[in-house]
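Listing of protein19.cif; format and content: mmCIF, C-alpha atoms.
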data_start
#
loop_
_atom_site.label_atom_id
_atom_site.label_comp_id
_atom_site.auth_asym_id
_atom_site.auth_seq_id
_atom_site.Cartn_x
_atom_site.Cartn_y
_atom_site.Cartn_z
CA MET A 1319 -10.66 11.52 16.99
CA LEU A 1320 -9.46 9.88 20.19
CA SER A 1321 -11.10 6.46 19.99
CA TYR A 1322 -8.07 4.60 18.64
CA ARG A 1323 -6.05 2.59 21.17
CA HIS A 1324 -3.11 0.61 19.85
CA ALA A 1325 -3.41 -1.89 22.72
CA PHE A 1326 -5.95 -3.83 20.62
CA HIS A 1327 -3.35 -4.37 17.87
CA ALA A 1328 -0.03 -4.51 19.75
CA GLY A 1329 2.40 -7.07 18.39
CA ASN A 1330 0.45 -7.81 15.22
CA HIS A 1331 1.98 -8.34 11.78
CA ALA A 1332 2.03 -4.61 11.12
CA ASP A 1333 3.95 -3.96 14.34
CA VAL A 1334 6.46 -6.63 13.35
CA LEU A 1335 7.19 -4.96 10.02
CA LYS A 1336 7.24 -1.45 11.47
CA HIS A 1337 9.38 -2.19 14.51
CA TRP A 1338 11.81 -4.41 12.59
CA VAL A 1339 12.51 -1.67 10.04
CA TYR A 1340 12.62 0.94 12.81
CA SER A 1341 15.18 -1.14 14.74
CA LEU A 1342 17.40 -1.46 11.67
CA VAL A 1343 17.41 2.32 11.18
CA LEU A 1344 18.13 2.94 14.86
CA ASP A 1345 21.01 0.48 14.76
CA TYR A 1346 22.43 2.28 11.72
CA PHE A 1347 22.25 5.66 13.48
CA ASN A 1348 24.27 4.18 16.35
CA GLN A 1349 27.17 3.44 14.02
CA LYS A 1350 28.25 7.09 14.21
CA ASP A 1351 29.30 8.78 17.45
CA LYS A 1352 27.39 12.01 16.82
CA PRO A 1353 24.18 12.24 18.89
CA TYR A 1354 20.77 12.13 17.24
CA TRP A 1355 17.11 12.77 18.00
CA VAL A 1356 14.24 10.32 17.60
CA ILE A 1357 10.87 12.02 17.07
CA ASP A 1358 7.69 9.93 17.31
CA THR A 1359 4.56 11.79 16.21
CA HIS A 1360 2.01 9.19 17.40
CA ALA A 1361 3.77 7.42 20.25
CA GLY A 1362 0.95 5.43 21.85
CA ALA A 1363 1.24 4.05 25.38
CA GLY A 1364 4.84 2.80 25.17
CA ILE A 1365 4.34 -0.70 26.62
CA TYR A 1366 1.45 -3.11 26.06
CA ARG A 1367 0.36 -6.16 28.03
CA LEU A 1368 -0.36 -9.10 25.75
CA ASP A 1369 -2.10 -10.94 28.57
CA SER A 1370 -4.68 -8.16 29.01
CA ALA A 1371 -8.35 -8.43 28.07
CA VAL A 1372 -7.87 -5.59 25.59
CA ALA A 1373 -5.05 -7.34 23.70
CA ASN A 1374 -6.90 -10.65 23.72
CA LYS A 1375 -10.14 -9.22 22.38
CA THR A 1376 -8.62 -9.72 18.93
CA ALA A 1377 -5.35 -11.49 19.94
CA GLU A 1378 -3.64 -10.13 16.84
CA TYR A 1379 -0.22 -10.71 18.42
CA LEU A 1380 -0.69 -14.48 17.98
CA ALA A 1381 -0.39 -14.01 14.22
CA GLY A 1382 2.41 -11.49 14.60
CA ILE A 1383 5.18 -11.38 17.18
CA ALA A 1384 4.24 -14.79 18.62
CA LYS A 1385 4.82 -16.42 15.22
CA LEU A 1386 8.08 -14.56 14.72
CA GLN A 1387 9.44 -15.63 18.09
CA GLN A 1388 8.51 -19.25 17.49
CA ALA A 1389 10.54 -19.27 14.26
CA ALA A 1390 14.31 -19.30 13.82
CA ALA A 1391 14.63 -15.66 12.82
CA PRO A 1392 17.58 -14.51 10.68
CA GLU A 1393 20.30 -12.39 12.30
CA ALA A 1394 18.76 -9.27 10.74
CA PHE A 1395 15.97 -9.50 13.35
CA ALA A 1396 18.35 -9.68 16.33
CA GLY A 1397 18.20 -6.00 17.33
CA TYR A 1398 14.41 -5.95 17.20
CA LEU A 1399 14.10 -9.15 19.23
CA GLN A 1400 16.64 -7.87 21.76
CA ALA A 1401 14.51 -4.74 22.26
CA ILE A 1402 11.52 -6.95 23.03
CA ALA A 1403 13.57 -9.07 25.44
CA ALA A 1404 14.81 -5.95 27.24
CA THR A 1405 11.24 -4.73 27.75
CA ARG A 1406 10.16 -8.10 29.09
CA ASP A 1407 13.10 -8.19 31.48
CA THR A 1408 11.99 -4.94 33.09
CA SER A 1409 8.19 -4.98 32.60
CA GLY A 1410 7.16 -8.63 32.49
CA LYS A 1411 7.23 -11.61 30.15
CA ASP A 1412 3.83 -10.83 28.63
CA THR A 1413 4.64 -7.28 27.55
CA TYR A 1414 5.35 -5.87 24.11
CA PRO A 1415 7.24 -2.61 23.46
CA GLY A 1416 5.67 0.12 21.39
CA SER A 1417 7.83 2.38 19.28
CA PRO A 1418 8.97 4.60 22.22
CA CYS A 1419 10.44 1.55 23.99
CA ILE A 1420 11.97 0.21 20.79
CA ALA A 1421 13.73 3.55 20.34
CA ASP A 1422 14.71 3.76 24.00
CA HIS A 1423 16.45 0.40 23.77
CA PHE A 1424 18.84 1.78 21.15
CA LEU A 1425 19.31 5.28 22.62
CA ARG A 1426 22.72 6.24 23.95
CA ALA A 1427 23.41 8.73 26.73
CA ASP A 1428 23.51 11.83 24.52
CA ASP A 1429 20.66 10.90 22.17
CA LYS A 1430 17.18 12.40 22.68
CA LEU A 1431 13.66 11.03 22.40
CA ARG A 1432 10.73 13.34 21.62
CA LEU A 1433 7.28 11.76 21.96
CA PHE A 1434 3.87 13.12 20.99
CA GLU A 1435 0.61 11.42 21.94
CA LEU A 1436 -2.80 13.10 21.75
CA HIS A 1437 -4.84 10.46 23.63
CA PRO A 1438 -4.78 11.62 27.29
CA ALA A 1439 -4.73 8.13 28.81
CA ASP A 1440 -1.84 6.95 26.63
CA ALA A 1441 0.05 10.20 27.16
CA ALA A 1442 -0.27 9.70 30.91
CA LEU A 1443 1.11 6.17 30.61
CA LEU A 1444 4.09 7.51 28.67
CA GLU A 1445 4.71 10.12 31.37
CA GLN A 1446 4.74 7.42 34.04
CA GLN A 1447 7.04 5.19 32.05
CA PHE A 1448 9.66 7.88 31.41
CA SER A 1449 9.21 9.95 34.57
CA ALA A 1450 12.83 9.48 35.63
CA ARG A 1451 14.21 10.32 32.18
CA LYS A 1452 13.15 13.94 31.68
CA ARG A 1453 16.64 15.05 30.62
CA GLN A 1454 16.60 12.64 27.69
CA VAL A 1455 12.92 12.02 26.96
CA ALA A 1456 10.35 14.77 26.40
CA ILE A 1457 6.64 13.91 26.15
CA GLN A 1458 3.88 16.22 24.96
CA ALA A 1459 0.17 15.40 25.01
CA LYS A 1460 -0.55 17.05 21.68
CA ASP A 1461 -1.00 16.45 17.97
CA GLY A 1462 2.33 15.21 16.65
CA PHE A 1463 1.65 16.58 13.18
CA GLU A 1464 1.87 20.03 14.74
CA GLY A 1465 4.36 19.27 17.51
CA ILE A 1466 7.07 18.06 15.16
CA LYS A 1467 7.53 21.57 13.76
CA ALA A 1468 9.26 22.80 16.91
CA CYS A 1469 11.69 19.83 16.80
CA LEU A 1470 13.14 20.46 13.36
CA PRO A 1471 15.94 20.93 12.72
CA PRO A 1472 17.35 19.26 15.85
CA PRO A 1473 20.47 20.82 17.44
CA SER A 1474 22.61 17.80 16.49
CA LYS A 1475 21.44 17.94 12.84
CA ARG A 1476 20.84 14.19 13.01
CA ALA A 1477 17.34 12.79 13.47
CA MET A 1478 14.84 10.17 12.47
CA VAL A 1479 11.10 10.72 12.56
CA LEU A 1480 8.47 7.98 12.90
CA ILE A 1481 5.03 8.95 11.60
CA ASP A 1482 2.40 6.36 12.47
CA PRO A 1483 -1.07 7.90 12.76
CA PRO A 1484 -4.13 5.68 13.31
CA TYR A 1485 -5.62 6.63 9.90
CA GLU A 1486 -9.03 6.59 11.52
CA VAL A 1487 -10.02 9.55 9.40
CA LYS A 1488 -9.22 10.03 5.71
CA ASP A 1489 -7.51 13.35 6.45
CA ASP A 1490 -4.65 11.47 8.12
CA TYR A 1491 -3.32 10.41 4.71
CA LEU A 1492 -3.24 14.00 3.51
CA ARG A 1493 -1.79 15.21 6.80
CA VAL A 1494 1.10 12.76 6.47
CA VAL A 1495 2.05 14.25 3.10
CA ASP A 1496 1.67 17.83 4.36
CA CYS A 1497 3.77 16.96 7.43
CA ILE A 1498 6.53 15.48 5.28
CA LYS A 1499 6.57 18.46 2.93
CA ASP A 1500 6.87 20.90 5.82
CA SER A 1501 9.44 18.75 7.64
CA LEU A 1502 11.68 18.46 4.58
CA LYS A 1503 11.70 22.25 4.27
CA ARG A 1504 12.84 22.52 7.88
CA PHE A 1505 15.21 19.53 7.85
CA ALA A 1506 15.90 18.06 4.41
CA THR A 1507 18.48 15.50 5.55
CA GLY A 1508 16.37 13.77 8.22
CA THR A 1509 15.28 10.16 7.92
CA TYR A 1510 11.49 9.86 7.91
CA LEU A 1511 9.68 6.55 8.44
CA ILE A 1512 6.00 6.44 7.52
CA TRP A 1513 3.89 3.42 8.37
CA TYR A 1514 0.57 2.90 6.59
CA PRO A 1515 -2.11 0.18 6.33
CA ARG A 1516 -2.67 -1.68 3.07
CA LEU A 1517 -6.39 -1.41 2.42
CA GLN A 1518 -8.74 -1.69 -0.54
CA ARG A 1519 -9.36 2.03 -0.44
CA PRO A 1520 -7.92 4.79 -2.63
CA GLU A 1521 -6.42 6.90 0.16
CA PRO A 1522 -3.27 4.84 0.87
CA GLN A 1523 -2.28 4.69 -2.80
CA LEU A 1524 -2.96 8.40 -3.29
CA MET A 1525 -0.70 9.12 -0.32
CA LEU A 1526 2.06 6.95 -1.79
CA ASP A 1527 1.74 8.68 -5.16
CA LYS A 1528 2.16 12.07 -3.50
CA LEU A 1529 5.16 10.85 -1.50
CA ARG A 1530 6.77 9.46 -4.65
CA ASN A 1531 6.25 12.79 -6.40
CA LEU A 1532 8.35 14.54 -3.75
CA ASN A 1533 11.36 13.13 -5.64
CA THR A 1534 13.31 12.19 -2.53
CA ASP A 1535 15.46 9.15 -1.92
CA TYR A 1536 13.13 6.48 -0.53
CA LEU A 1537 12.71 2.80 0.23
CA HIS A 1538 9.20 1.33 0.19
CA ILE A 1539 8.82 -1.96 2.09
CA CYS A 1540 5.54 -3.91 2.03
CA LEU A 1541 4.17 -7.00 3.74
CA ASP A 1542 0.85 -8.60 2.81
CA VAL A 1543 -0.14 -11.46 5.09
CA GLN A 1544 -3.27 -12.45 3.21
CA GLN A 1545 -5.31 -11.78 0.12
CA ALA A 1546 -7.39 -8.63 0.19
CA SER A 1547 -10.96 -9.49 1.14
CA ALA A 1548 -13.60 -9.62 -1.56
CA ASP A 1549 -15.82 -7.19 0.33
CA GLY A 1550 -13.04 -4.62 0.58
CA PHE A 1551 -12.95 -4.50 4.37
CA GLY A 1552 -9.97 -5.05 6.64
CA MET A 1553 -6.22 -4.58 6.49
CA HIS A 1554 -4.46 -7.28 4.47
CA GLY A 1555 -0.98 -5.91 5.06
CA SER A 1556 1.05 -2.81 5.77
CA GLY A 1557 3.95 -0.82 4.44
CA MET A 1558 6.84 1.39 5.46
CA TRP A 1559 7.87 4.37 3.33
CA VAL A 1560 11.35 5.51 4.39
CA ILE A 1561 12.65 8.86 3.12
CA ASN A 1562 16.42 9.33 3.14
CA PRO A 1563 16.93 5.70 4.18
CA PRO A 1564 20.29 4.43 5.41
CA TRP A 1565 22.22 3.12 2.42
CA THR A 1566 22.40 -0.27 4.16
CA LEU A 1567 18.64 -0.63 4.74
CA ARG A 1568 17.68 -2.33 1.48
CA ARG A 1569 20.41 -4.95 1.73
CA SER A 1570 19.43 -5.57 5.38
CA VAL A 1571 15.74 -6.05 4.55
CA GLU A 1572 15.39 -7.49 1.06
CA PRO A 1573 17.00 -10.94 1.58
CA HIS A 1574 14.56 -11.72 4.41
CA LEU A 1575 11.23 -10.51 3.01
CA ASP A 1576 10.16 -13.87 1.58
CA TRP A 1577 10.98 -15.52 4.91
CA LEU A 1578 8.97 -12.90 6.80
CA ALA A 1579 5.96 -13.29 4.51
CA GLN A 1580 6.03 -17.08 4.85
CA THR A 1581 6.41 -16.87 8.64
CA LEU A 1582 3.49 -14.47 9.13
CA ALA A 1583 1.31 -15.78 6.29
CA GLN A 1584 -2.41 -16.07 6.98
CA ASP A 1585 -3.14 -17.59 3.58
CA ALA A 1586 -1.35 -18.61 0.39
CA HIS A 1587 -1.35 -15.05 -0.96
CA ALA A 1588 1.11 -13.65 1.59
CA ARG A 1589 4.06 -11.80 0.06
CA ALA A 1590 6.60 -9.10 0.87
CA TRP A 1591 8.71 -6.87 -1.36
CA CYS A 1592 10.54 -3.56 -1.54
CA GLU A 1593 11.25 -0.92 -4.15
CA GLY A 1594 12.90 2.43 -4.01
CA GLN A 1595 14.95 5.27 -5.39
CA GLN A 1596 18.37 6.23 -4.10
CA ARG A 1597 20.69 8.61 -5.88
#
If you took the structure in this file and wrote it as structure tokens, what would it be?
Amino acid sequence: MLSYRHAFHAGNHADVLKHWVYSLVLDYFNQKDKPYWVIDTHAGAGIYRLDSAVANKTAEYLAGIAKLQQAAAPEAFAGYLQAIAATRDTSGKDTYPGSPCIADHFLRADDKLRLFELHPADAALLEQQFSARKRQVAIQAKDGFEGIKACLPPPSKRAMVLIDPPYEVKDDYLRVVDCIKDSLKRFATGTYLIWYPRLQRPEPQLMLDKLRNLNTDYLHICLDVQQASADGFGMHGSGMWVINPPWTLRRSVEPHLDWLAQTLAQDAHARAWCEGQQR
């Protein structure tokens, strides 16, 4: 399906959680000199205008990044907020960076960015955005679940993979697990970041159960901004499942989860937590 456009949701509470965790992992990768690859299976359009009619149809950013930037954020959010500031310096004060721009902010000269986006309009926007960066950034208008196979293992043997499908169809949950299984066979030491929506449906939990059964090192980070609705509709939060996480990630995230939940709370039931397994 090609109906999903992230522009309606850019900068919402789910983006805040996803891009904060993503920024922390990128910063960790930069602590070693050896080059790395960043592979984004569902890259989106790259940059979003928060002053557009599309973004303001739901104005989800007002309860997300706008709240975060109005608060006195802890130092752990500095890299993420700097990535946003860098995008606004070059693209305008009302823009918000998607995951390709977040990654690009942290990339060094020898690091590589590999982007997959199936929606033709968003893929074209990515091509325009990175047209002068073809040596470092490769963009393919194709299904990232399939495209990732040719990227693993990367020549540098260092890589992180962001998997963030729209979950418009139930098969996406199963495809995430199949993608991870195949990717771990090709590149067992990669760091894999999986974003998912917290919904009152069985599919997200079944996916998490299958990921847990892979018996990998993982960190599971969740943010609920409100109580799940009585009718079962809508996303009340989101989560990040990180396979082979940096050893510093939990200590970077955990002390600030209560603050994040309180800052982005939409009712009294907001909460955030993490759990994991590291050998």
Give me the residues near Leu1443 in chain A as a ChimeraX atom specification, where near means some atom within 8 Å (using only C-alpha atoms) and where sequence neighbours in that chain fewer than 3 positions away do not count. /A:1363-1364,1439-1440,1446-1447
Decode the PyMOL selection byres ((chain A and resi 1488) around 12) for the given file into explicit residues and return them as a PyMOL selection string. chain A and resi 1319+1483-1487+1489-1494+1519-1522+1524-1525
File dump, residues just selected, C-alpha atoms, as a PDB file, keeping the file's coordinate frame:
ATOM      1  CA  MET A1319     -10.660  11.520  16.990  1.00  0.00           C
ATOM      2  CA  PRO A1483      -1.070   7.900  12.760  1.00  0.00           C
ATOM      3  CA  PRO A1484      -4.130   5.680  13.310  1.00  0.00           C
ATOM      4  CA  TYR A1485      -5.620   6.630   9.900  1.00  0.00           C
ATOM      5  CA  GLU A1486      -9.030   6.590  11.520  1.00  0.00           C
ATOM      6  CA  VAL A1487     -10.020   9.550   9.400  1.00  0.00           C
ATOM      7  CA  ASP A1489      -7.510  13.350   6.450  1.00  0.00           C
ATOM      8  CA  ASP A1490      -4.650  11.470   8.120  1.00  0.00           C
ATOM      9  CA  TYR A1491      -3.320  10.410   4.710  1.00  0.00           C
ATOM     10  CA  LEU A1492      -3.240  14.000   3.510  1.00  0.00           C
ATOM     11  CA  ARG A1493      -1.790  15.210   6.800  1.00  0.00           C
ATOM     12  CA  VAL A1494       1.100  12.760   6.470  1.00  0.00           C
ATOM     13  CA  ARG A1519      -9.360   2.030  -0.440  1.00  0.00           C
ATOM     14  CA  PRO A1520      -7.920   4.790  -2.630  1.00  0.00           C
ATOM     15  CA  GLU A1521      -6.420   6.900   0.160  1.00  0.00           C
ATOM     16  CA  PRO A1522      -3.270   4.840   0.870  1.00  0.00           C
ATOM     17  CA  LEU A1524      -2.960   8.400  -3.290  1.00  0.00           C
ATOM     18  CA  MET A1525      -0.700   9.120  -0.320  1.00  0.00           C
TER      19      MET A1525
END
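Distance-wise, CA of His1337 in chain A and CA of Cys1540 in chain A end up 13.2 Å apart.
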Care to translate the PyMOL selection byres ((chain A and resi 1588) around 6) into actual residues of this file, as a list in words? Asp1542, Val1543, Gln1544, Ala1579, Ala1583, Ala1586, His1587 and Arg1589 of chain A
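If only C-alpha atoms are the atoms counted, then among A:Lys1375, A:Arg1451, A:Lys1528, A:Arg1516 the closest residue to Lys1499 in chain A is A:Lys1528.
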Determine, counting all atoms listed in the file, which protein, DNA and RNA residues have an atom within 10 Å of an atom of Cys1497 in chain A; residues of the same chain fewer than 4 positions away are not included. Present the result as a PyMOL selection string. chain A and resi 1462-1464+1466-1467+1481+1492-1493+1501-1502
Selection export as an mmCIF file, in the frame of the given file, atoms kept: C-alpha atoms:
data_model
loop_
_atom_site.group_PDB
_atom_site.id
_atom_site.type_symbol
_atom_site.label_atom_id
_atom_site.label_comp_id
_atom_site.auth_asym_id
_atom_site.auth_seq_id
_atom_site.Cartn_x
_atom_site.Cartn_y
_atom_site.Cartn_z
ATOM 1 C CA GLY A 1462 2.330 15.210 16.650
ATOM 2 C CA PHE A 1463 1.650 16.580 13.180
ATOM 3 C CA GLU A 1464 1.870 20.030 14.740
ATOM 4 C CA ILE A 1466 7.070 18.060 15.160
ATOM 5 C CA LYS A 1467 7.530 21.570 13.760
ATOM 6 C CA ILE A 1481 5.030 8.950 11.600
ATOM 7 C CA LEU A 1492 -3.240 14.000 3.510
ATOM 8 C CA ARG A 1493 -1.790 15.210 6.800
ATOM 9 C CA SER A 1501 9.440 18.750 7.640
ATOM 10 C CA LEU A 1502 11.680 18.460 4.580
#
Any chance you could export range 1451-1462 of chain A with all heavy atoms, as a tab-separated table (two decimals), in the first residue's frame?
chain	number	residue	atom	x	y	z
A	1451	ARG	N	24.98	14.51	-3.06
A	1451	ARG	CA	25.68	13.65	-2.09
A	1451	ARG	C	25.74	12.19	-2.55
A	1451	ARG	O	25.77	11.28	-1.73
A	1451	ARG	CB	24.96	13.72	-0.74
A	1451	ARG	CG	24.77	15.12	-0.20
A	1451	ARG	CD	25.99	15.62	0.54
A	1451	ARG	NE	26.34	14.68	1.59
A	1451	ARG	CZ	25.65	14.57	2.74
A	1451	ARG	NH1	24.59	15.32	2.96
A	1451	ARG	NH2	26.04	13.71	3.65
A	1452	LYS	N	25.77	11.96	-3.85
A	1452	LYS	CA	25.63	10.60	-4.36
A	1452	LYS	C	26.78	9.69	-3.95
A	1452	LYS	O	26.64	8.46	-3.93
A	1452	LYS	CB	25.46	10.61	-5.88
A	1452	LYS	CG	24.15	11.26	-6.32
A	1452	LYS	CD	23.95	11.14	-7.81
A	1452	LYS	CE	22.65	11.82	-8.25
A	1452	LYS	NZ	21.45	11.20	-7.67
A	1453	ARG	N	27.95	10.25	-3.63
A	1453	ARG	CA	29.06	9.40	-3.21
A	1453	ARG	C	28.80	8.81	-1.82
A	1453	ARG	O	29.22	7.69	-1.53
A	1453	ARG	CB	30.37	10.22	-3.16
A	1453	ARG	CG	31.61	9.37	-2.90
A	1453	ARG	CD	32.82	10.22	-2.59
A	1453	ARG	NE	32.71	10.87	-1.29
A	1453	ARG	CZ	33.00	10.25	-0.13
A	1453	ARG	NH1	33.36	8.99	-0.12
A	1453	ARG	NH2	32.89	10.90	1.01
A	1454	GLN	N	28.07	9.56	-1.00
A	1454	GLN	CA	27.85	9.13	0.37
A	1454	GLN	C	26.45	8.60	0.63
A	1454	GLN	O	26.26	7.76	1.51
A	1454	GLN	CB	28.12	10.31	1.32
A	1454	GLN	CG	28.17	9.93	2.79
A	1454	GLN	CD	28.62	11.10	3.66
A	1454	GLN	OE1	28.44	12.26	3.29
A	1454	GLN	NE2	29.20	10.81	4.81
A	1455	VAL	N	25.47	9.08	-0.13
A	1455	VAL	CA	24.07	8.73	0.11
A	1455	VAL	C	23.49	8.05	-1.13
A	1455	VAL	O	23.50	8.62	-2.22
A	1455	VAL	CB	23.24	9.98	0.45
A	1455	VAL	CG1	21.80	9.60	0.75
A	1455	VAL	CG2	23.86	10.74	1.62
A	1456	ALA	N	22.98	6.84	-0.95
A	1456	ALA	CA	22.34	6.11	-2.04
A	1456	ALA	C	20.86	5.95	-1.71
A	1456	ALA	O	20.50	5.56	-0.60
A	1456	ALA	CB	22.99	4.75	-2.23
A	1457	ILE	N	20.00	6.25	-2.68
A	1457	ILE	CA	18.55	6.21	-2.50
A	1457	ILE	C	17.95	5.26	-3.52
A	1457	ILE	O	18.27	5.35	-4.72
A	1457	ILE	CB	17.93	7.61	-2.65
A	1457	ILE	CG1	18.52	8.56	-1.60
A	1457	ILE	CG2	16.41	7.55	-2.53
A	1457	ILE	CD1	18.31	10.02	-1.92
A	1458	GLN	N	17.09	4.37	-3.08
A	1458	GLN	CA	16.40	3.46	-3.99
A	1458	GLN	C	14.91	3.52	-3.72
A	1458	GLN	O	14.47	3.40	-2.57
A	1458	GLN	CB	16.90	2.03	-3.82
A	1458	GLN	CG	18.35	1.84	-4.23
A	1458	GLN	CD	18.73	0.37	-4.24
A	1458	GLN	OE1	18.12	-0.45	-4.91
A	1458	GLN	NE2	19.76	0.04	-3.47
A	1459	ALA	N	14.14	3.71	-4.78
A	1459	ALA	CA	12.68	3.74	-4.68
A	1459	ALA	C	12.17	2.30	-4.75
A	1459	ALA	O	11.67	1.83	-5.77
A	1459	ALA	CB	12.09	4.59	-5.80
A	1460	LYS	N	12.31	1.60	-3.64
A	1460	LYS	CA	11.90	0.20	-3.60
A	1460	LYS	C	11.57	-0.21	-2.17
A	1460	LYS	O	11.82	0.54	-1.23
A	1460	LYS	CB	13.00	-0.70	-4.18
A	1460	LYS	CG	14.28	-0.74	-3.37
A	1460	LYS	CD	15.36	-1.56	-4.08
A	1460	LYS	CE	14.99	-3.01	-4.25
A	1460	LYS	NZ	16.09	-3.79	-4.83
A	1461	ASP	N	11.05	-1.40	-2.03
A	1461	ASP	CA	10.69	-1.96	-0.74
A	1461	ASP	C	11.95	-2.21	0.09
A	1461	ASP	O	12.80	-3.01	-0.28
A	1461	ASP	CB	9.94	-3.28	-0.98
A	1461	ASP	CG	9.46	-3.94	0.31
A	1461	ASP	OD1	9.77	-3.43	1.40
A	1461	ASP	OD2	8.77	-4.97	0.20
A	1462	GLY	N	12.07	-1.53	1.21
A	1462	GLY	CA	13.25	-1.65	2.04
A	1462	GLY	C	13.41	-3.03	2.66
A	1462	GLY	O	14.54	-3.46	2.95
